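The structure file input.txt is reproduced below (compact mmCIF, C-alpha atoms).
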# COMPACT_ATOMS: atom_id res chain seq x y z
CA MET W 1 -116.56 229.05 133.48
CA SER W 2 -118.72 231.13 135.85
CA GLU W 3 -120.54 229.45 138.72
CA ILE W 4 -124.15 228.56 138.07
CA THR W 5 -126.54 230.80 140.01
CA SER W 6 -129.61 229.96 142.06
CA GLU W 7 -131.67 232.13 139.69
CA GLN W 8 -130.63 229.97 136.73
CA VAL W 9 -131.53 226.80 138.62
CA LEU W 10 -134.93 228.17 139.61
CA GLU W 11 -135.64 229.26 136.05
CA ALA W 12 -134.95 225.73 134.87
CA LEU W 13 -137.22 224.33 137.56
CA LYS W 14 -140.05 226.61 136.48
CA THR W 15 -140.43 224.38 133.43
CA ILE W 16 -141.59 221.54 135.71
CA LYS W 17 -145.29 221.52 136.57
CA ASP W 18 -147.03 219.74 139.41
CA PRO W 19 -149.22 217.17 137.58
CA ASP W 20 -152.10 217.64 140.05
CA LYS W 21 -152.03 221.42 140.52
CA GLY W 22 -151.04 222.51 137.01
CA GLU W 23 -148.55 225.19 138.13
CA ASN W 24 -144.78 225.06 138.17
CA ILE W 25 -143.02 223.77 141.26
CA VAL W 26 -141.16 227.03 141.91
CA GLU W 27 -144.24 229.26 142.02
CA LEU W 28 -145.97 226.67 144.18
CA GLY W 29 -143.18 227.09 146.73
CA MET W 30 -142.15 223.46 146.53
CA ILE W 31 -138.38 224.04 146.22
CA SER W 32 -136.35 224.18 149.44
CA GLY W 33 -132.77 223.92 150.65
CA LEU W 34 -131.14 224.84 147.33
CA GLN W 35 -127.36 224.33 147.51
CA ILE W 36 -124.84 225.01 144.72
CA LYS W 37 -121.12 224.26 144.72
CA GLU W 38 -118.81 224.19 141.70
CA GLY W 39 -121.33 222.60 139.36
CA HIS W 40 -123.00 220.38 141.96
CA VAL W 41 -126.63 221.20 142.80
CA ALA W 42 -128.86 219.82 145.57
CA PHE W 43 -132.40 220.79 146.53
CA GLY W 44 -135.59 219.44 148.04
CA ILE W 45 -139.08 219.23 146.53
CA GLU W 46 -141.69 219.50 149.28
CA VAL W 47 -144.82 217.44 148.67
CA GLU W 48 -147.72 216.11 150.69
CA ALA W 49 -147.02 212.75 152.26
CA ASP W 50 -149.83 210.96 150.44
CA ARG W 51 -148.54 212.16 147.04
CA GLY W 52 -144.89 211.31 147.62
CA PRO W 53 -144.77 207.83 146.01
CA LYS W 54 -146.38 208.91 142.72
CA LEU W 55 -144.23 212.04 142.27
CA GLU W 56 -140.95 210.20 141.68
CA PRO W 57 -141.24 211.02 137.91
CA LEU W 58 -141.51 214.70 138.82
CA ARG W 59 -138.31 214.46 140.87
CA LYS W 60 -136.47 212.92 137.93
CA GLN W 61 -137.82 215.59 135.57
CA ALA W 62 -136.55 218.30 137.92
CA GLU W 63 -133.09 216.73 138.04
CA LYS W 64 -133.02 216.46 134.25
CA ALA W 65 -134.09 220.09 133.80
CA VAL W 66 -131.31 221.40 136.03
CA HIS W 67 -128.76 219.01 134.55
CA SER W 68 -129.41 220.49 131.11
CA LEU W 69 -127.87 223.79 132.23
CA SER W 70 -124.33 224.47 131.06
CA GLY W 71 -121.70 223.77 133.70
CA ILE W 72 -123.77 221.36 135.81
CA LEU W 73 -121.90 218.25 136.94
CA THR W 74 -124.33 216.54 139.31
CA VAL W 75 -127.88 217.17 140.51
CA THR W 76 -129.44 215.72 143.66
CA ALA W 77 -133.18 216.32 144.09
CA VAL W 78 -135.01 214.88 147.08
CA LEU W 79 -138.74 214.51 147.65
CA THR W 80 -139.51 215.61 151.20
CA ALA W 81 -142.69 215.02 153.14
CA GLU W 82 -143.68 214.23 156.68
CA ARG W 83 -144.59 210.55 156.36
CA GLU W 84 -147.93 209.65 157.96
CA PRO W 85 -148.16 206.42 159.95
CA THR W 86 -149.14 203.39 157.91
CA LYS W 87 -152.06 201.23 158.96
CA GLN W 88 -149.54 198.77 160.30
CA GLU W 89 -148.12 201.43 162.61
CA GLN W 90 -151.45 202.73 163.93
CA PRO W 91 -152.28 201.89 167.56
CA ALA W 92 -154.27 198.67 167.59
CA GLY W 93 -157.32 198.11 169.76
CA ASN W 94 -158.27 195.02 171.76
CA ASN W 95 -154.62 194.48 172.78
CA VAL W 96 -153.80 193.17 169.30
CA ASN W 97 -150.14 193.60 168.33
CA PRO W 98 -150.01 194.33 164.58
CA GLY W 99 -146.23 193.76 164.47
CA PRO W 100 -143.49 196.17 163.37
CA ALA W 101 -143.73 198.21 160.18
CA THR W 102 -141.76 196.85 157.25
CA PHE W 103 -139.48 198.88 154.99
CA GLN W 104 -137.90 197.88 151.71
CA LYS W 105 -134.13 197.63 151.93
CA MET W 106 -131.88 199.09 149.24
CA ASP W 107 -130.17 196.61 146.97
CA LEU W 108 -126.50 197.61 147.21
CA LEU W 109 -125.04 195.55 144.39
CA GLY W 110 -121.34 194.87 144.72
CA ILE W 111 -121.15 195.79 148.42
CA ASP W 112 -120.62 192.70 150.56
CA SER W 113 -121.16 194.26 154.00
CA VAL W 114 -122.18 197.57 155.57
CA ILE W 115 -121.03 198.70 159.03
CA ALA W 116 -122.42 201.73 160.89
CA VAL W 117 -120.15 203.57 163.33
CA ALA W 118 -122.37 205.37 165.84
CA SER W 119 -122.31 207.26 169.12
CA GLY W 120 -125.05 208.43 171.41
CA LYS W 121 -123.54 211.91 171.72
CA GLY W 122 -121.13 214.21 169.94
CA GLY W 123 -117.55 214.95 170.89
CA VAL W 124 -116.43 211.37 171.54
CA GLY W 125 -114.19 211.07 168.47
CA LYS W 126 -116.56 208.90 166.43
CA SER W 127 -115.54 210.26 163.01
CA THR W 128 -111.84 209.91 163.79
CA THR W 129 -112.53 206.33 164.84
CA ALA W 130 -114.58 205.61 161.70
CA VAL W 131 -111.87 206.94 159.39
CA ASN W 132 -109.07 205.00 161.06
CA LEU W 133 -111.12 201.79 161.20
CA ALA W 134 -111.83 202.10 157.48
CA LEU W 135 -108.12 202.63 156.80
CA ALA W 136 -107.25 199.70 159.07
CA MET W 137 -109.54 197.41 157.08
CA ALA W 138 -108.02 198.65 153.84
CA SER W 139 -104.52 198.00 155.18
CA ASN W 140 -105.47 194.33 155.39
CA GLY W 141 -106.21 194.22 151.69
CA LYS W 142 -109.96 194.89 151.86
CA LYS W 143 -111.81 197.08 149.36
CA ILE W 144 -113.36 199.73 151.57
CA GLY W 145 -115.77 202.62 151.07
CA LEU W 146 -116.51 205.34 153.63
CA LEU W 147 -119.78 207.28 153.69
CA ASP W 148 -120.01 210.49 155.71
CA ALA W 149 -123.64 210.35 156.85
CA ASP W 150 -123.47 213.57 158.87
CA ILE W 151 -125.50 215.84 156.58
CA TYR W 152 -125.33 218.80 158.97
CA GLY W 153 -121.66 218.61 159.97
CA PRO W 154 -119.60 216.62 157.44
CA SER W 155 -115.97 216.16 158.54
CA ILE W 156 -114.67 213.20 156.52
CA PRO W 157 -113.40 215.32 153.56
CA LEU W 158 -111.09 217.19 155.94
CA MET W 159 -109.91 214.04 157.70
CA LEU W 160 -109.11 212.26 154.44
CA GLY W 161 -107.46 215.33 152.96
CA ILE W 162 -109.80 215.46 149.95
CA ASP W 163 -110.53 218.89 148.46
CA LYS W 164 -111.52 217.78 144.95
CA LYS W 165 -115.02 217.75 143.55
CA PRO W 166 -116.74 214.55 142.38
CA SER W 167 -117.52 213.84 138.75
CA GLN W 168 -120.37 212.02 137.09
CA THR W 169 -119.96 208.64 135.42
CA GLN W 170 -121.34 207.79 131.98
CA SER W 171 -124.18 205.94 133.68
CA GLY W 172 -125.22 209.12 135.49
CA LEU W 173 -123.97 208.09 138.94
CA ILE W 174 -121.62 210.16 141.09
CA ALA W 175 -118.05 208.87 141.16
CA PRO W 176 -116.74 208.63 144.75
CA LEU W 177 -113.48 210.35 145.58
CA GLU W 178 -110.48 208.37 146.79
CA ASN W 179 -107.51 208.86 149.08
CA HIS W 180 -105.33 206.59 151.23
CA GLY W 181 -106.73 203.58 149.37
CA ILE W 182 -110.41 204.00 150.25
CA LYS W 183 -113.42 205.43 148.39
CA CYS W 184 -115.38 208.22 150.03
CA MET W 185 -118.59 210.19 149.61
CA SER W 186 -119.86 213.12 151.68
CA ILE W 187 -122.37 215.95 151.32
CA GLY W 188 -119.32 218.10 152.09
CA PHE W 189 -118.14 217.54 148.51
CA LEU W 190 -121.36 219.03 147.13
CA ILE W 191 -121.82 222.17 149.24
CA GLU W 192 -119.68 225.14 150.22
CA GLU W 193 -117.57 224.49 153.32
CA ASN W 194 -119.19 227.19 155.48
CA THR W 195 -122.76 226.59 154.31
CA ALA W 196 -125.25 225.82 157.07
CA MET W 197 -127.48 222.91 156.07
CA ILE W 198 -130.92 224.15 157.10
CA TRP W 199 -132.73 220.98 156.03
CA ARG W 200 -135.58 219.26 157.82
CA GLY W 201 -135.24 215.60 158.72
CA PRO W 202 -137.02 214.15 155.66
CA MET W 203 -134.83 216.14 153.28
CA ALA W 204 -131.64 215.14 155.09
CA THR W 205 -132.56 211.47 155.06
CA GLY W 206 -133.58 211.65 151.41
CA ALA W 207 -130.24 213.23 150.49
CA LEU W 208 -128.44 210.53 152.46
CA GLU W 209 -130.24 207.77 150.59
CA GLN W 210 -129.12 209.29 147.31
CA LEU W 211 -125.54 209.58 148.55
CA ILE W 212 -125.64 205.81 148.91
CA LYS W 213 -127.63 204.54 145.94
CA ASP W 214 -126.60 207.18 143.37
CA VAL W 215 -122.85 206.69 143.91
CA ALA W 216 -120.76 204.33 141.78
CA TRP W 217 -119.17 202.47 144.70
CA GLY W 218 -118.13 199.50 142.58
CA GLU W 219 -117.05 196.29 144.27
CA LEU W 220 -116.54 196.73 148.03
CA ASP W 221 -115.80 194.27 150.80
CA CYS W 222 -117.28 196.75 153.25
CA LEU W 223 -118.94 200.16 153.28
CA VAL W 224 -118.26 201.98 156.57
CA ILE W 225 -120.92 204.57 157.44
CA ASP W 226 -119.98 207.35 159.84
CA LEU W 227 -123.33 208.23 161.42
CA PRO W 228 -124.01 211.61 163.04
CA PRO W 229 -124.32 211.60 166.83
CA GLY W 230 -127.67 210.82 168.41
CA THR W 231 -130.57 208.54 167.53
CA GLY W 232 -132.67 210.59 165.12
CA ASP W 233 -134.15 210.43 161.62
CA ILE W 234 -130.90 209.58 159.85
CA HIS W 235 -130.23 206.64 162.16
CA LEU W 236 -133.72 205.24 161.63
CA THR W 237 -133.35 205.64 157.87
CA MET W 238 -130.10 203.68 158.01
CA ALA W 239 -131.72 200.92 160.02
CA GLN W 240 -134.87 200.72 157.92
CA ARG W 241 -133.53 201.22 154.41
CA ILE W 242 -129.87 200.13 154.42
CA PRO W 243 -128.97 196.43 154.68
CA LEU W 244 -126.68 196.93 157.66
CA THR W 245 -124.48 193.99 158.57
CA GLY W 246 -123.95 195.45 162.03
CA ALA W 247 -123.11 198.52 164.08
CA VAL W 248 -120.25 199.66 166.31
CA ILE W 249 -120.74 202.16 169.13
CA VAL W 250 -118.01 204.62 170.16
CA SER W 251 -117.99 206.16 173.64
CA THR W 252 -115.66 207.83 176.08
CA PRO W 253 -115.33 206.24 179.55
CA GLN W 254 -117.32 208.75 181.60
CA ASP W 255 -120.88 208.13 182.72
CA VAL W 256 -122.49 210.96 180.71
CA ALA W 257 -121.23 209.43 177.44
CA LEU W 258 -122.10 205.89 178.45
CA ILE W 259 -125.70 206.88 179.16
CA ASP W 260 -126.02 207.98 175.54
CA ALA W 261 -124.18 204.87 174.33
CA ARG W 262 -126.94 202.80 175.93
CA LYS W 263 -129.52 204.75 173.92
CA GLY W 264 -127.65 203.90 170.74
CA LEU W 265 -127.56 200.23 171.66
CA ASN W 266 -131.28 200.20 172.47
CA MET W 267 -132.13 201.86 169.16
CA PHE W 268 -130.23 199.26 167.12
CA GLN W 269 -131.75 196.44 169.14
CA LYS W 270 -135.27 197.72 168.52
CA VAL W 271 -134.72 197.68 164.76
CA GLU W 272 -132.94 194.31 164.97
CA ILE W 273 -129.48 195.46 163.83
CA PRO W 274 -126.62 193.47 165.43
CA VAL W 275 -124.28 195.57 167.57
CA PHE W 276 -120.78 194.17 167.23
CA GLY W 277 -119.46 195.93 170.30
CA LEU W 278 -118.33 199.04 172.11
CA ILE W 279 -115.10 201.02 171.59
CA GLU W 280 -113.67 203.18 174.37
CA ASN W 281 -112.13 206.30 172.82
CA MET W 282 -110.02 208.84 174.76
CA SER W 283 -109.47 205.98 177.18
CA TYR W 284 -106.38 207.51 178.83
CA PHE W 285 -103.67 210.11 178.23
CA ASN W 286 -99.91 209.58 178.32
CA CYS W 287 -98.09 212.87 178.83
CA PRO W 288 -95.44 213.22 176.09
CA HIS W 289 -93.20 215.26 178.45
CA CYS W 290 -93.20 213.36 181.73
CA GLY W 291 -94.54 210.01 180.56
CA LYS W 292 -97.18 210.00 183.28
CA ARG W 293 -100.51 208.39 182.48
CA SER W 294 -103.67 210.34 183.30
CA GLU W 295 -107.19 208.98 183.02
CA ILE W 296 -108.85 212.27 182.16
CA PHE W 297 -112.29 210.83 181.43
CA SER W 298 -111.91 207.94 183.87
CA HIS W 299 -110.97 204.56 182.39
CA GLY W 300 -112.60 201.21 181.76
CA GLY W 301 -116.16 202.52 181.84
CA ALA W 302 -116.91 201.30 178.33
CA ARG W 303 -115.60 197.81 179.09
CA LYS W 304 -117.79 197.58 182.20
CA GLU W 305 -120.78 198.95 180.29
CA ALA W 306 -120.27 196.41 177.51
CA GLU W 307 -120.28 193.61 180.05
CA LYS W 308 -123.39 195.02 181.70
CA MET W 309 -125.23 195.29 178.38
CA GLY W 310 -124.14 191.86 177.21
CA MET W 311 -122.08 193.10 174.26
CA ASP W 312 -118.44 192.71 173.28
CA PHE W 313 -115.75 195.23 174.20
CA LEU W 314 -113.80 195.81 170.99
CA GLY W 315 -110.85 197.78 172.35
CA GLU W 316 -109.62 201.14 173.62
CA ILE W 317 -107.94 204.13 171.96
CA PRO W 318 -106.03 206.75 173.99
CA LEU W 319 -106.39 210.50 173.90
CA ASP W 320 -103.27 211.48 171.98
CA ILE W 321 -102.24 214.62 170.11
CA SER W 322 -100.83 212.63 167.18
CA ILE W 323 -104.26 211.10 166.48
CA ARG W 324 -105.84 214.54 166.48
CA GLU W 325 -103.11 216.23 164.41
CA THR W 326 -102.99 213.57 161.71
CA SER W 327 -106.78 213.55 161.35
CA ASP W 328 -107.00 217.34 161.16
CA GLY W 329 -104.18 217.29 158.62
CA GLY W 330 -105.96 214.89 156.27
CA ASN W 331 -103.46 212.10 156.87
CA PRO W 332 -104.94 209.87 159.62
CA ILE W 333 -102.55 207.98 161.84
CA VAL W 334 -103.28 204.52 160.39
CA ALA W 335 -102.22 205.88 156.99
CA SER W 336 -99.36 208.14 158.11
CA ASP W 337 -97.83 205.93 160.81
CA PRO W 338 -99.24 202.40 160.42
CA SER W 339 -96.74 200.78 162.79
CA SER W 340 -97.43 203.13 165.73
CA PRO W 341 -99.06 201.67 168.86
CA HIS W 342 -102.21 203.69 168.20
CA SER W 343 -102.48 202.41 164.61
CA LEU W 344 -102.00 198.86 165.83
CA SER W 345 -104.89 199.40 168.26
CA TYR W 346 -107.16 200.51 165.42
CA ILE W 347 -106.03 197.56 163.31
CA GLN W 348 -106.77 195.12 166.14
CA ILE W 349 -110.25 196.59 166.62
CA ALA W 350 -110.85 196.40 162.86
CA ASN W 351 -109.80 192.74 162.95
CA ASN W 352 -112.26 192.13 165.79
CA ILE W 353 -115.04 193.73 163.74
CA TRP W 354 -114.08 191.79 160.63
CA SER W 355 -114.26 188.49 162.48
CA LYS W 356 -117.86 189.34 163.39
CA ILE W 357 -118.69 190.24 159.78
CA LYS W 358 -117.44 186.82 158.72

Go through the file and emit its structure as structure tokens.
Amino acid sequence: MSEITSEQVLEALKTIKDPDKGENIVELGMISGLQIKEGHVAFGIEVEADRGPKLEPLRKQAEKAVHSLSGILTVTAVLTAEREPTKQEQPAGNNVNPGPATFQKMDLLGIDSVIAVASGKGGVGKSTTAVNLALAMASNGKKIGLLDADIYGPSIPLMLGIDKKPSQTQSGLIAPLENHGIKCMSIGFLIEENTAMIWRGPMATGALEQLIKDVAWGELDCLVIDLPPGTGDIHLTMAQRIPLTGAVIVSTPQDVALIDARKGLNMFQKVEIPVFGLIENMSYFNCPHCGKRSEIFSHGGARKEAEKMGMDFLGEIPLDISIRETSDGGNPIVASDPSSPHSLSYIQIANNIWSKIK
């Protein structure tokens, strides 16, 4: 079967008219970020912020129109708009504090707890840590799901060694893919590997919400969310819309990483999400040839920072080639060598996190 083309998708979308403007959504220039991969289609529908809530039926009509095409497996359409401040968020006069804005949380039926793995900056090994923590929880008999929330740079499919494409359940939800005993979902399953995701923040956060609520996760003891680095739109969406049980922050020991780790902690505190603790990754390096230990990025900085910020230190993971090789090879160390010292470190950290969930 030949791959569906963007022209076919756009032709299908031309049958959908904007209820207020009377013209079809393609000619009105409302379609953006169209992505197609092996029967999976994703796109945004750009609307004015004040019309967003009432255009949910239009979004569903657009999905249905594209899904009617031959060869389509899943369709993800997202309404995107720059949200204007609510009255509650407007600056108040006379020194009156109107209180924080409120957001409706998703109802994640069947998922007992949700943990976010975050970092203030990139390059600290957060995704490797998230994958191995999820596997460590699963090794203790827990039912675990893993969501790759990095819309712009998904890496979990590679680390879990999954190159299949997801299917759709009879109920219309996307079936998560599985490997090493955990369920997984990522935008990387729905787009071509080398495709650059040129999506604005609202579209990325909308797609992320659908990757959570439109996936048939089933019964889970815990959903682990691998957040992208930083403290941007996606992080705020997680905090405002997802019923997070808590968050874990990953950092390397050096000062430049710890500065950004503080930003992550402050963000979660402002939105009243418990931070379970700090993990020091790349804590030290043991030379496999001479056996000498080198503290390349310094050592112990995360422990000291945790004490300074009044949070728990969850543990340290060394910089080791076996951790990198197994992750790049789709067979992470907790799965491929569960009795190794490094795996035992991940398992101990996972146990520390689980005790806080309980």

Correct to one decimal, the distance CA of Ala306 (chain W)-CA of Leu258 (chain W) is 9.7 Å

Quick one: residues within 8 Å of Leu34 (chain W), all atoms listed in the file counted, chain neighbours fewer than 6 positions away excluded, as a PyMOL selection string?
-> chain W and resi 6+41-44

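Distances from W:Ile333, W:Leu236, W:Asn351, W:Leu314 to Leu160 (chain W) were compared using all atoms listed in the file, and the smallest one belongs to W:Ile333.
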
With all atoms listed in the file as the basis for distance, which of W:Asn352, W:Ser70, W:Ser343, W:Ser251 is at the shortest distance from Leu135 (chain W)?
-> W:Ser343

What lies within 7 Å of region 267-280 of chain W using only C-alpha atoms, ignoring chain neighbours under 6 positions off, as an MDAnalysis selection string?
-> chainID W and resid 239 244 246:253 302 306 311:317 353 356

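Our summary of the geometry notes that CA of Ile234 (chain W) is positioned 7.9 Å from CA of Ala149 (chain W).
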
At most 7 Å is the cut-off: for each residue in region 182-265 of chain W with any atom that close to an atom of region 107-115 of chain W, write down the nearest atom pair and the distance in Å rounded to one decimal, counting all atoms listed in the file, chain first then increasing number, as a Markdown table.
| residue | atom | partner | partner_atom | distance |
| --- | --- | --- | --- | --- |
| W:Gly218 | CA | W:Gly110 | CA | 6.0 |
| W:Glu219 | CA | W:Gly110 | CA | 4.5 |
| W:Leu220 | CA | W:Ile111 | CA | 4.7 |
| W:Asp221 | CA | W:Asp112 | CA | 5.1 |
| W:Cys222 | CA | W:Ser113 | CA | 4.7 |
| W:Leu223 | CA | W:Val114 | CA | 4.7 |
| W:Val224 | CA | W:Ile115 | CA | 4.9 |
| W:Ile225 | CA | W:Ile115 | CA | 6.1 |
| W:Pro243 | CA | W:Val114 | CA | 6.9 |
| W:Leu244 | CA | W:Val114 | CA | 5.0 |
| W:Thr245 | CA | W:Val114 | CA | 5.2 |
| W:Gly246 | CA | W:Ile115 | CA | 5.3 |
| W:Ala247 | CA | W:Ile115 | CA | 5.5 |

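Shortest separation to Val78 (chain W) among W:Asp50, W:Asp214, W:Asp150, W:Glu3 occurs at residue W:Asp214, atoms counted being only C-alpha atoms.
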
Distance criterion (all atoms listed in the file): nearest to Ala77 (chain W) out of W:Ile4, W:Met185, W:Ile357, W:Ala207 | W:Ala207

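Note that CA of Ala136 (chain W) and CA of Gln348 (chain W) are 8.4 Å apart.
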
12 Å contact set for region 335-337 of chain W, all atoms listed in the file, chain neighbours under 3 positions out, as an NGL selection string = :W and (131-139 or 159-161 or 179-182 or 322-323 or 325-327 or 329-332 or 340-344 or 346-347)
